[in-house]
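Peer 1: To start, I am sharing the structure in question, which I have written as structure tokens.
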Amino acid sequence: MSRKIALLLAVGLMLMLAPPGQAAALAPKLLDPSVRSLTPDASTRCASTTYRSPVTGMLDVRLRGAGDWDLVLRDARGNRVAASRGFGGGEVVQGWVRAGRRLTAEGCRSAGAGRSASLTLRMVASALPKPPAGTPQLVRVSATDAQLDALERAGLDVTHARGRGWGDVVVSGAAQLAQLRLSGLRFVTRIADLESSYARARAADRRFTARAGAAGSALPSGRTTYRTYEEIQAELKQLVAQHPGLVRKVVLGTSHQGREISGVEIARDVDAADGRPVFFTMGVHHAREWPSAEAAMELAQMLVQEQGTARVADLLGRERIVILPVVNPDGFVSSRRAFDPGDSLFGQDRAVTLVEAILPPGGVFAYRRKNCNGEILGPQLPCELAWGIDPNRNYGNLWGGPGSSSDVTSQSYHGPSPRSESEVQAVWDYVRTHAVTTLVSIHNVAALVLRPPGLSGSGRAPDEARLKAVGDAIGNAAGYTSQYGFELYDTAGTTEDDSYAATGGYGYTIEMGPPEGNFHMPYETGVVAEWTGRNPHAQGRGGLREGLLVAAEAAANAPDHAILRGNAPAGKVLRLRRSFQTRTSPYCEKGVEPVVNIGLPRVCLTGEKPPLVLDDVLDMTTTVPSAARYAWHVNQSTRPFVGAAGGTEAYELTCEEPSGTVLERHWLVIGRGQDVTLNLGCGAGPTTLADGTRLASAAGTALLGPAPSVDGVGAAFAPARNRAKRPRMSSSRARKLKSCTRRATRIGDERRSRRAQRSCQRRFGPKR
């Protein structure tokens, strides 16, 4: 059966099962676009155009311009409906609108941007979403792991809050509640009305904001409420603008709907050419997990504010810290805007904001988990009408296996193929092209630190002892339980399993707490207390702040990766490349899971298929500094599970001109904790090992010798060690520097803010 036929069958089944209003919503129509040009006034740098919606549906607005542009969509009363402020000139905003409504789209260019931009406005005609009957609620189900997995595959929203014999489930309304009752599983209600719970949490946020006053919270940013997507974008841009040489932008790609997937890189002399290792942390794989974005943003703020303290300064000197707050921007935008009050476009009862997308594939609106890919229609399809794909079941290693589903209605639907989603491709492409020695994916809300493997049948990770030690230290600081990934439940196609299996870099999922928490709990409880550790489970041991610093220190710890160093001509590009194959699990591309009778097998519409074999490539580069000496921190050449099985793999090492012309080629075997010296002539002189042994450029695949080796020649090596740390500042001086820098970053005028930050460094920074 072809993929197209399977998709049509799946859609047809949902149309038959959906209520009439939902069925109408499943057949949106894409209208012809209106394309306009925006040429801003020289003084305001902004230009606008108006649009009257010809039908009811979703308005999709896209701006394309050279350089950095921002886009805002306003209603007839001037209220901001949606906005996008990425680093570049490709912006996307969307909003539901009734027929005949007048809207204004405004594009603003930054200094150095192109003089004009193209604006495309396009309506997707569709009935406004209708809420399901009944009240969305959170229940705790008594069930085995197999029964909970069956519930999730069948489309019920089983959260990460799970334990031995139980799991928390978001029930969208009366229909799903009836399905749960028919299953025969016992359950108790934890939150009887999620909308009312949300309202109480936001009221608590308002009280917390008033109590905190001008001083703000104990977070580095001082925030007291959850950020919107626009606020995250603006804050990232501000960090880059205010801290040149320390913070630079990182754009990894674009989402399914065309939004920028971006973050920041923070390091001392961040623009320098060197071979420092990378600590990569990210949030919001799952759209509804707002606290994970908060943790990522607070890490960035903390690093900037505490750059002069001994511990942070040492980290920023020894590694590069890459922070991606939102992996899944489309889903996050859909979830985050769900409860916005006074929606002038909808003109409806606020209960509509808890609508289930396509009963049941997309998930309850604000509690959406997946991305916005509906697979059939293009990126203009409203997220609320797309079944979506779980990004954290779409990675390559063992994709399609246990813990994921072939049913598009499932919250763990794995997608049509491994790494099919642009959000997943963006993360994978970054990992495979950089020396990411430790990766952390932040989720919530289970109070856990999970390490590979995600499948119980995979055996223990070859680096289990060290993975556990680091995970335990993170968990101790935050007050979370450290355990194998599969101890929560079996999962295949996850972030850290894919990266660890391919690169050997350590990988973790941190499930933020608190225990017994929920997704959009009061900010003081779900973010501030988790960050600081001032709560019963962390007991003042440093909280998530300390846990993330522990993870970052593991990335910089030389014995946990490998180092290649030596002399080479300045300006030459060194490249490490390794081709290998990644296997998925046996899989079903599209299937139907039983909804009521949990014990029944699934029906695979496309037929059960054997594992796929993916042709993968790691491809990393570094540039030799002007001193003509390099020190390149990298991961081991042999993949962990290959090495554990007795195999050996080599990097292809080339020295190249910046243009890409290859001057010299070698084959390098290097292991974790090894520090190998290789002096490269790059075609202009001899290439030698530490003992003076001369090597010729390899003309083909060399015989691999015992690790480490170059072109099959055994290379002497030293155990990798960390350089001596700088003396620590006194705690009093560190507190003064943090307080001073925090005040300085809040100054509205950019020049004054920079001067104030430099003054803080002179007064309270470490003595040199």
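By order of appearance in the structure tokens: chains A, B, ..., then residues from 1 within every chain, and ligands from 1 in the order shown.
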With only C-alpha atoms as the counted atoms, please give the residues lying no more than 10 Å from Glu524 of chain A, apart from itself and same-chain residues fewer than 5 positions off, as a PyMOL selection string.

Peer 2: chain A and resi 201+204-205+208-209+217-219+223-225+529-531

Peer 1: DSSP says strand (DSSP E) for which residues of segment 482-560 of chain A? Put them as a ChimeraX atom specification?

Peer 2: /A:482-484,506-512

Peer 1: Include N, CA, C and O atoms and write out the residues we just selected as a PDB file, in the first residue's frame.

Peer 2:
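Output contents, as saved in result32.pdb:
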```pdb
ATOM      1  N   SER A 482      17.641  10.235  39.320  1.00  0.00           N
ATOM      2  CA  SER A 482      18.503   9.916  38.174  1.00  0.00           C
ATOM      3  C   SER A 482      18.307   8.450  37.821  1.00  0.00           C
ATOM      4  O   SER A 482      18.424   7.570  38.679  1.00  0.00           O
ATOM      5  N   GLN A 483      18.008   8.172  36.544  1.00  0.00           N
ATOM      6  CA  GLN A 483      17.716   6.798  36.151  1.00  0.00           C
ATOM      7  C   GLN A 483      17.910   6.604  34.651  1.00  0.00           C
ATOM      8  O   GLN A 483      18.104   7.574  33.906  1.00  0.00           O
ATOM      9  N   TYR A 484      17.855   5.334  34.214  1.00  0.00           N
ATOM     10  CA  TYR A 484      17.871   5.050  32.782  1.00  0.00           C
ATOM     11  C   TYR A 484      16.619   5.639  32.136  1.00  0.00           C
ATOM     12  O   TYR A 484      15.553   5.720  32.762  1.00  0.00           O
ATOM     13  N   TYR A 506      27.995  12.576  25.679  1.00  0.00           N
ATOM     14  CA  TYR A 506      27.011  12.257  26.706  1.00  0.00           C
ATOM     15  C   TYR A 506      25.696  12.965  26.401  1.00  0.00           C
ATOM     16  O   TYR A 506      25.682  14.087  25.893  1.00  0.00           O
ATOM     17  N   GLY A 507      24.582  12.310  26.740  1.00  0.00           N
ATOM     18  CA  GLY A 507      23.278  12.903  26.477  1.00  0.00           C
ATOM     19  C   GLY A 507      22.309  12.622  27.611  1.00  0.00           C
ATOM     20  O   GLY A 507      22.309  11.525  28.192  1.00  0.00           O
ATOM     21  N   TYR A 508      21.475  13.617  27.926  1.00  0.00           N
ATOM     22  CA  TYR A 508      20.512  13.501  29.019  1.00  0.00           C
ATOM     23  C   TYR A 508      19.210  14.204  28.655  1.00  0.00           C
ATOM     24  O   TYR A 508      19.199  15.185  27.909  1.00  0.00           O
ATOM     25  N   THR A 509      18.124  13.694  29.219  1.00  0.00           N
ATOM     26  CA  THR A 509      16.875  14.438  29.297  1.00  0.00           C
ATOM     27  C   THR A 509      16.679  14.832  30.750  1.00  0.00           C
ATOM     28  O   THR A 509      16.736  13.968  31.638  1.00  0.00           O
ATOM     29  N   ILE A 510      16.483  16.116  30.999  1.00  0.00           N
ATOM     30  CA  ILE A 510      16.113  16.580  32.328  1.00  0.00           C
ATOM     31  C   ILE A 510      14.623  16.870  32.312  1.00  0.00           C
ATOM     32  O   ILE A 510      14.159  17.745  31.577  1.00  0.00           O
ATOM     33  N   GLU A 511      13.878  16.101  33.078  1.00  0.00           N
ATOM     34  CA  GLU A 511      12.452  16.339  33.265  1.00  0.00           C
ATOM     35  C   GLU A 511      12.289  17.235  34.489  1.00  0.00           C
ATOM     36  O   GLU A 511      12.448  16.792  35.628  1.00  0.00           O
ATOM     37  N   MET A 512      12.007  18.515  34.257  1.00  0.00           N
ATOM     38  CA  MET A 512      11.864  19.445  35.368  1.00  0.00           C
ATOM     39  C   MET A 512      10.732  19.010  36.306  1.00  0.00           C
ATOM     40  O   MET A 512       9.773  18.374  35.892  1.00  0.00           O
TER      41      MET A 512
END
```

Peer 1: Can you pull out every residue within 7 Å of segment 323-336 of chain A, counting only C-alpha atoms, but drop anything in the same chain fewer than 5 positions away, and send it as JSON, numbers by chain?

Peer 2: {"A": [228, 229, 255, 257, 259, 261, 262, 263, 264, 265, 280, 281, 282, 283, 284, 285, 286, 287, 288, 293, 296, 297, 365, 366, 367, 368, 370, 371, 372, 383, 423]}

Peer 1: Taking only C-alpha atoms into account, which of A:Thr104, A:Ser110, A:Gln305, A:Thr481 comes nearest Arg743 of chain A?

Peer 2: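 Using only C-alpha atoms, the shortest distance to Arg743 of chain A belongs to A:Gln305.
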
Peer 1: Sorted by chain and rising residue number, which residues of segment 288-309 of chain A lie within 9 Å of segment 542-551 of chain A, and what are their closest atom pairs and distances in Å to one decimal, counting only C-alpha atoms, as CSV?

Peer 2:
```
residue,atom,partner,partner_atom,distance
A:Ala295,CA,A:Leu544,CA,7.8
A:Glu298,CA,A:Arg545,CA,8.5
A:Leu299,CA,A:Arg545,CA,7.2
A:Met302,CA,A:Arg545,CA,8.6
```

Peer 1: Just asking: which residues within segment 384-472 of chain A are alpha helix (DSSP H) according to DSSP, as a PyMOL selection string?

Peer 2: chain A and resi 422-433+464-472

Peer 1: Report, in Å to a single decimal, how far apart atom CA of Thr525 of chain A and atom CA of Arg80 of chain A are.

Peer 2: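 If I compute the distance from atom CA of Arg80 of chain A to atom CA of Thr525 of chain A, I get 29.2 Å.
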
Peer 1: For Leu653 of chain A, please output as a PyMOL selection string all residues within 12 Å (counting only C-alpha atoms; exclusion window: fewer than 6 positions along the same chain).

Peer 2: chain A and resi 564+573-578+618-622+637+662-670+678+680+682+697-698+700-702+709-711

Peer 1: Deliver the residues from the most recent selection as a file, using N, CA and C atoms, as an mmCIF file, in the first residue's frame.

Peer 2:
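The result, written out as result-v4.cif:
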```cif
data_model
loop_
_atom_site.group_PDB
_atom_site.id
_atom_site.type_symbol
_atom_site.label_atom_id
_atom_site.label_comp_id
_atom_site.auth_asym_id
_atom_site.auth_seq_id
_atom_site.Cartn_x
_atom_site.Cartn_y
_atom_site.Cartn_z
ATOM 1 N N LEU A 564 42.738 16.273 20.080
ATOM 2 C CA LEU A 564 43.753 16.191 19.028
ATOM 3 C C LEU A 564 44.442 17.540 18.992
ATOM 4 N N VAL A 573 42.065 24.813 7.347
ATOM 5 C CA VAL A 573 40.858 24.202 7.916
ATOM 6 C C VAL A 573 41.112 22.719 8.123
ATOM 7 N N LEU A 574 40.897 22.259 9.356
ATOM 8 C CA LEU A 574 41.004 20.838 9.665
ATOM 9 C C LEU A 574 39.591 20.263 9.707
ATOM 10 N N ARG A 575 39.431 19.103 9.108
ATOM 11 C CA ARG A 575 38.104 18.483 9.038
ATOM 12 C C ARG A 575 38.178 17.033 9.523
ATOM 13 N N LEU A 576 37.225 16.655 10.372
ATOM 14 C CA LEU A 576 37.055 15.269 10.780
ATOM 15 C C LEU A 576 35.735 14.773 10.214
ATOM 16 N N ARG A 577 35.799 13.637 9.533
ATOM 17 C CA ARG A 577 34.611 13.114 8.869
ATOM 18 C C ARG A 577 34.516 11.613 9.118
ATOM 19 N N ARG A 578 33.328 11.157 9.421
ATOM 20 C CA ARG A 578 33.126 9.715 9.574
ATOM 21 C C ARG A 578 31.775 9.329 9.000
ATOM 22 N N LEU A 618 29.217 12.216 10.101
ATOM 23 C CA LEU A 618 29.669 13.288 10.980
ATOM 24 C C LEU A 618 30.684 14.106 10.204
ATOM 25 N N ASP A 619 30.594 15.421 10.269
ATOM 26 C CA ASP A 619 31.464 16.274 9.457
ATOM 27 C C ASP A 619 31.725 17.559 10.228
ATOM 28 N N MET A 620 32.874 17.631 10.916
ATOM 29 C CA MET A 620 33.212 18.768 11.773
ATOM 30 C C MET A 620 34.475 19.451 11.288
ATOM 31 N N THR A 621 34.559 20.753 11.501
ATOM 32 C CA THR A 621 35.752 21.500 11.097
ATOM 33 C C THR A 621 36.204 22.435 12.215
ATOM 34 N N THR A 622 37.481 22.762 12.182
ATOM 35 C CA THR A 622 38.035 23.834 13.005
ATOM 36 C C THR A 622 39.111 24.527 12.185
ATOM 37 N N SER A 637 36.403 8.402 18.066
ATOM 38 C CA SER A 637 36.154 8.051 16.663
ATOM 39 C C SER A 637 35.239 6.836 16.531
ATOM 40 N N VAL A 662 41.658 19.991 -0.671
ATOM 41 C CA VAL A 662 42.282 19.093 0.296
ATOM 42 C C VAL A 662 43.782 19.056 0.054
ATOM 43 N N LEU A 663 44.551 19.326 1.115
ATOM 44 C CA LEU A 663 46.004 19.351 1.020
ATOM 45 C C LEU A 663 46.631 18.066 1.560
ATOM 46 N N GLU A 664 45.935 17.433 2.488
ATOM 47 C CA GLU A 664 46.510 16.264 3.154
ATOM 48 C C GLU A 664 45.371 15.458 3.774
ATOM 49 N N ARG A 665 45.533 14.124 3.806
ATOM 50 C CA ARG A 665 44.474 13.266 4.339
ATOM 51 C C ARG A 665 45.083 12.167 5.204
ATOM 52 N N HIS A 666 44.441 11.901 6.359
ATOM 53 C CA HIS A 666 44.886 10.837 7.251
ATOM 54 C C HIS A 666 43.662 10.138 7.835
ATOM 55 N N TRP A 667 43.908 8.990 8.490
ATOM 56 C CA TRP A 667 42.840 8.238 9.152
ATOM 57 C C TRP A 667 43.171 8.147 10.628
ATOM 58 N N LEU A 668 42.286 8.684 11.458
ATOM 59 C CA LEU A 668 42.564 8.854 12.881
ATOM 60 C C LEU A 668 41.649 7.977 13.724
ATOM 61 N N VAL A 669 42.258 7.151 14.569
ATOM 62 C CA VAL A 669 41.527 6.420 15.604
ATOM 63 C C VAL A 669 41.891 7.050 16.936
ATOM 64 N N ILE A 670 40.890 7.501 17.661
ATOM 65 C CA ILE A 670 41.134 8.170 18.944
ATOM 66 C C ILE A 670 40.004 7.807 19.897
ATOM 67 N N LEU A 678 49.492 15.548 16.920
ATOM 68 C CA LEU A 678 49.717 15.322 15.497
ATOM 69 C C LEU A 678 50.093 16.659 14.868
ATOM 70 N N LEU A 680 50.802 18.716 11.726
ATOM 71 C CA LEU A 680 50.399 18.585 10.327
ATOM 72 C C LEU A 680 51.183 19.537 9.434
ATOM 73 N N CYS A 682 50.328 19.829 6.193
ATOM 74 C CA CYS A 682 49.319 20.324 5.247
ATOM 75 C C CYS A 682 49.902 20.536 3.854
ATOM 76 N N SER A 697 50.757 11.317 3.569
ATOM 77 C CA SER A 697 49.309 11.500 3.415
ATOM 78 C C SER A 697 48.696 10.214 2.902
ATOM 79 N N ALA A 698 47.646 9.745 3.561
ATOM 80 C CA ALA A 698 47.006 8.485 3.181
ATOM 81 C C ALA A 698 46.315 8.625 1.842
ATOM 82 N N GLY A 700 44.206 6.310 0.633
ATOM 83 C CA GLY A 700 43.017 5.458 0.620
ATOM 84 C C GLY A 700 42.704 5.048 2.032
ATOM 85 N N THR A 701 41.930 4.024 2.173
ATOM 86 C CA THR A 701 41.569 3.562 3.503
ATOM 87 C C THR A 701 42.750 2.817 4.106
ATOM 88 N N ALA A 702 43.305 3.370 5.168
ATOM 89 C CA ALA A 702 44.453 2.745 5.802
ATOM 90 C C ALA A 702 43.996 1.654 6.761
ATOM 91 N N SER A 709 45.504 5.735 16.743
ATOM 92 C CA SER A 709 46.426 5.554 15.638
ATOM 93 C C SER A 709 46.145 6.587 14.565
ATOM 94 N N VAL A 710 47.137 6.857 13.748
ATOM 95 C CA VAL A 710 46.989 7.711 12.574
ATOM 96 C C VAL A 710 47.520 6.934 11.384
ATOM 97 N N ASP A 711 46.668 6.684 10.405
ATOM 98 C CA ASP A 711 47.029 5.894 9.228
ATOM 99 C C ASP A 711 47.542 4.508 9.624
#
```

Peer 1: Which is closest to Leu185 of chain A among A:Arg200, A:Arg419, A:Arg140, A:Arg153, if we use only C-alpha atoms?

Peer 2: A:Arg140

Peer 1: Mind checking which residues fall within 10 Å of Ser417 of chain A, counting only C-alpha atoms, ignoring those fewer than 6 positions away in the same chain, and posting them as a VMD selection string?

Peer 2: chain A and resid 394 to 396 399 to 400 584 587 to 589 612

Peer 1: Go ahead and write the residues just picked, all heavy atoms, as a compact mmCIF listing (two decimals), in the first residue's frame.

Peer 2:
```txt
# COMPACT_ATOMS: atom_id res chain seq x y z
N ASN A 394 11.13 11.13 16.66
CA ASN A 394 11.41 11.21 15.22
C ASN A 394 12.90 11.13 14.89
O ASN A 394 13.28 11.15 13.73
CB ASN A 394 10.81 12.50 14.66
CG ASN A 394 10.85 12.60 13.15
OD1 ASN A 394 11.50 13.47 12.59
ND2 ASN A 394 10.18 11.68 12.47
N TYR A 395 13.77 11.01 15.92
CA TYR A 395 15.20 10.91 15.66
C TYR A 395 15.54 9.53 15.12
O TYR A 395 14.74 8.59 15.20
CB TYR A 395 15.98 11.22 16.94
CG TYR A 395 15.95 12.70 17.30
CD1 TYR A 395 14.93 13.22 18.08
CD2 TYR A 395 16.92 13.57 16.82
CE1 TYR A 395 14.88 14.57 18.39
CE2 TYR A 395 16.88 14.92 17.13
CZ TYR A 395 15.86 15.42 17.91
OH TYR A 395 15.81 16.76 18.21
N GLY A 396 16.73 9.39 14.56
CA GLY A 396 17.05 8.22 13.74
C GLY A 396 17.28 6.92 14.45
O GLY A 396 16.78 5.88 14.03
N TRP A 399 14.43 4.45 15.51
CA TRP A 399 13.14 5.06 15.18
C TRP A 399 12.09 4.00 14.88
O TRP A 399 12.38 2.96 14.29
CB TRP A 399 13.31 5.96 13.96
CG TRP A 399 12.02 6.50 13.39
CD1 TRP A 399 11.35 7.61 13.78
CD2 TRP A 399 11.26 5.91 12.33
NE1 TRP A 399 10.21 7.77 13.04
CE2 TRP A 399 10.12 6.73 12.14
CE3 TRP A 399 11.40 4.78 11.54
CZ2 TRP A 399 9.15 6.46 11.17
CZ3 TRP A 399 10.44 4.50 10.58
CH2 TRP A 399 9.33 5.34 10.40
N GLY A 400 10.86 4.28 15.30
CA GLY A 400 9.76 3.38 15.00
C GLY A 400 9.59 2.25 15.99
O GLY A 400 8.69 1.42 15.83
N THR A 584 17.21 1.78 12.22
CA THR A 584 15.96 2.02 12.93
C THR A 584 15.47 0.69 13.51
O THR A 584 16.12 -0.35 13.38
CB THR A 584 14.88 2.59 12.00
OG1 THR A 584 14.44 1.55 11.09
CG2 THR A 584 15.40 3.77 11.20
N TYR A 587 9.33 -1.42 11.81
CA TYR A 587 8.36 -0.35 12.00
C TYR A 587 7.12 -0.53 11.14
O TYR A 587 7.11 -1.27 10.16
CB TYR A 587 9.00 1.00 11.68
CG TYR A 587 9.29 1.22 10.21
CD1 TYR A 587 8.43 1.98 9.42
CD2 TYR A 587 10.41 0.65 9.60
CE1 TYR A 587 8.68 2.17 8.07
CE2 TYR A 587 10.67 0.83 8.26
CZ TYR A 587 9.80 1.59 7.49
OH TYR A 587 10.04 1.77 6.15
N CYS A 588 6.09 0.20 11.54
CA CYS A 588 4.88 0.39 10.74
C CYS A 588 4.78 1.88 10.48
O CYS A 588 4.79 2.69 11.41
CB CYS A 588 3.66 -0.10 11.50
SG CYS A 588 2.09 0.36 10.72
N GLU A 589 4.70 2.28 9.21
CA GLU A 589 4.65 3.71 8.89
C GLU A 589 3.34 4.33 9.33
O GLU A 589 3.31 5.38 9.98
CB GLU A 589 4.85 3.94 7.39
CG GLU A 589 4.87 5.42 7.02
CD GLU A 589 5.00 5.64 5.52
OE1 GLU A 589 5.57 4.77 4.84
OE2 GLU A 589 4.51 6.67 5.04
N LEU A 612 15.09 0.23 8.73
CA LEU A 612 15.76 1.03 7.72
C LEU A 612 17.23 1.18 8.09
O LEU A 612 17.60 1.13 9.27
CB LEU A 612 15.12 2.42 7.63
CG LEU A 612 13.67 2.49 7.14
CD1 LEU A 612 13.13 3.91 7.32
CD2 LEU A 612 13.59 2.08 5.69
```
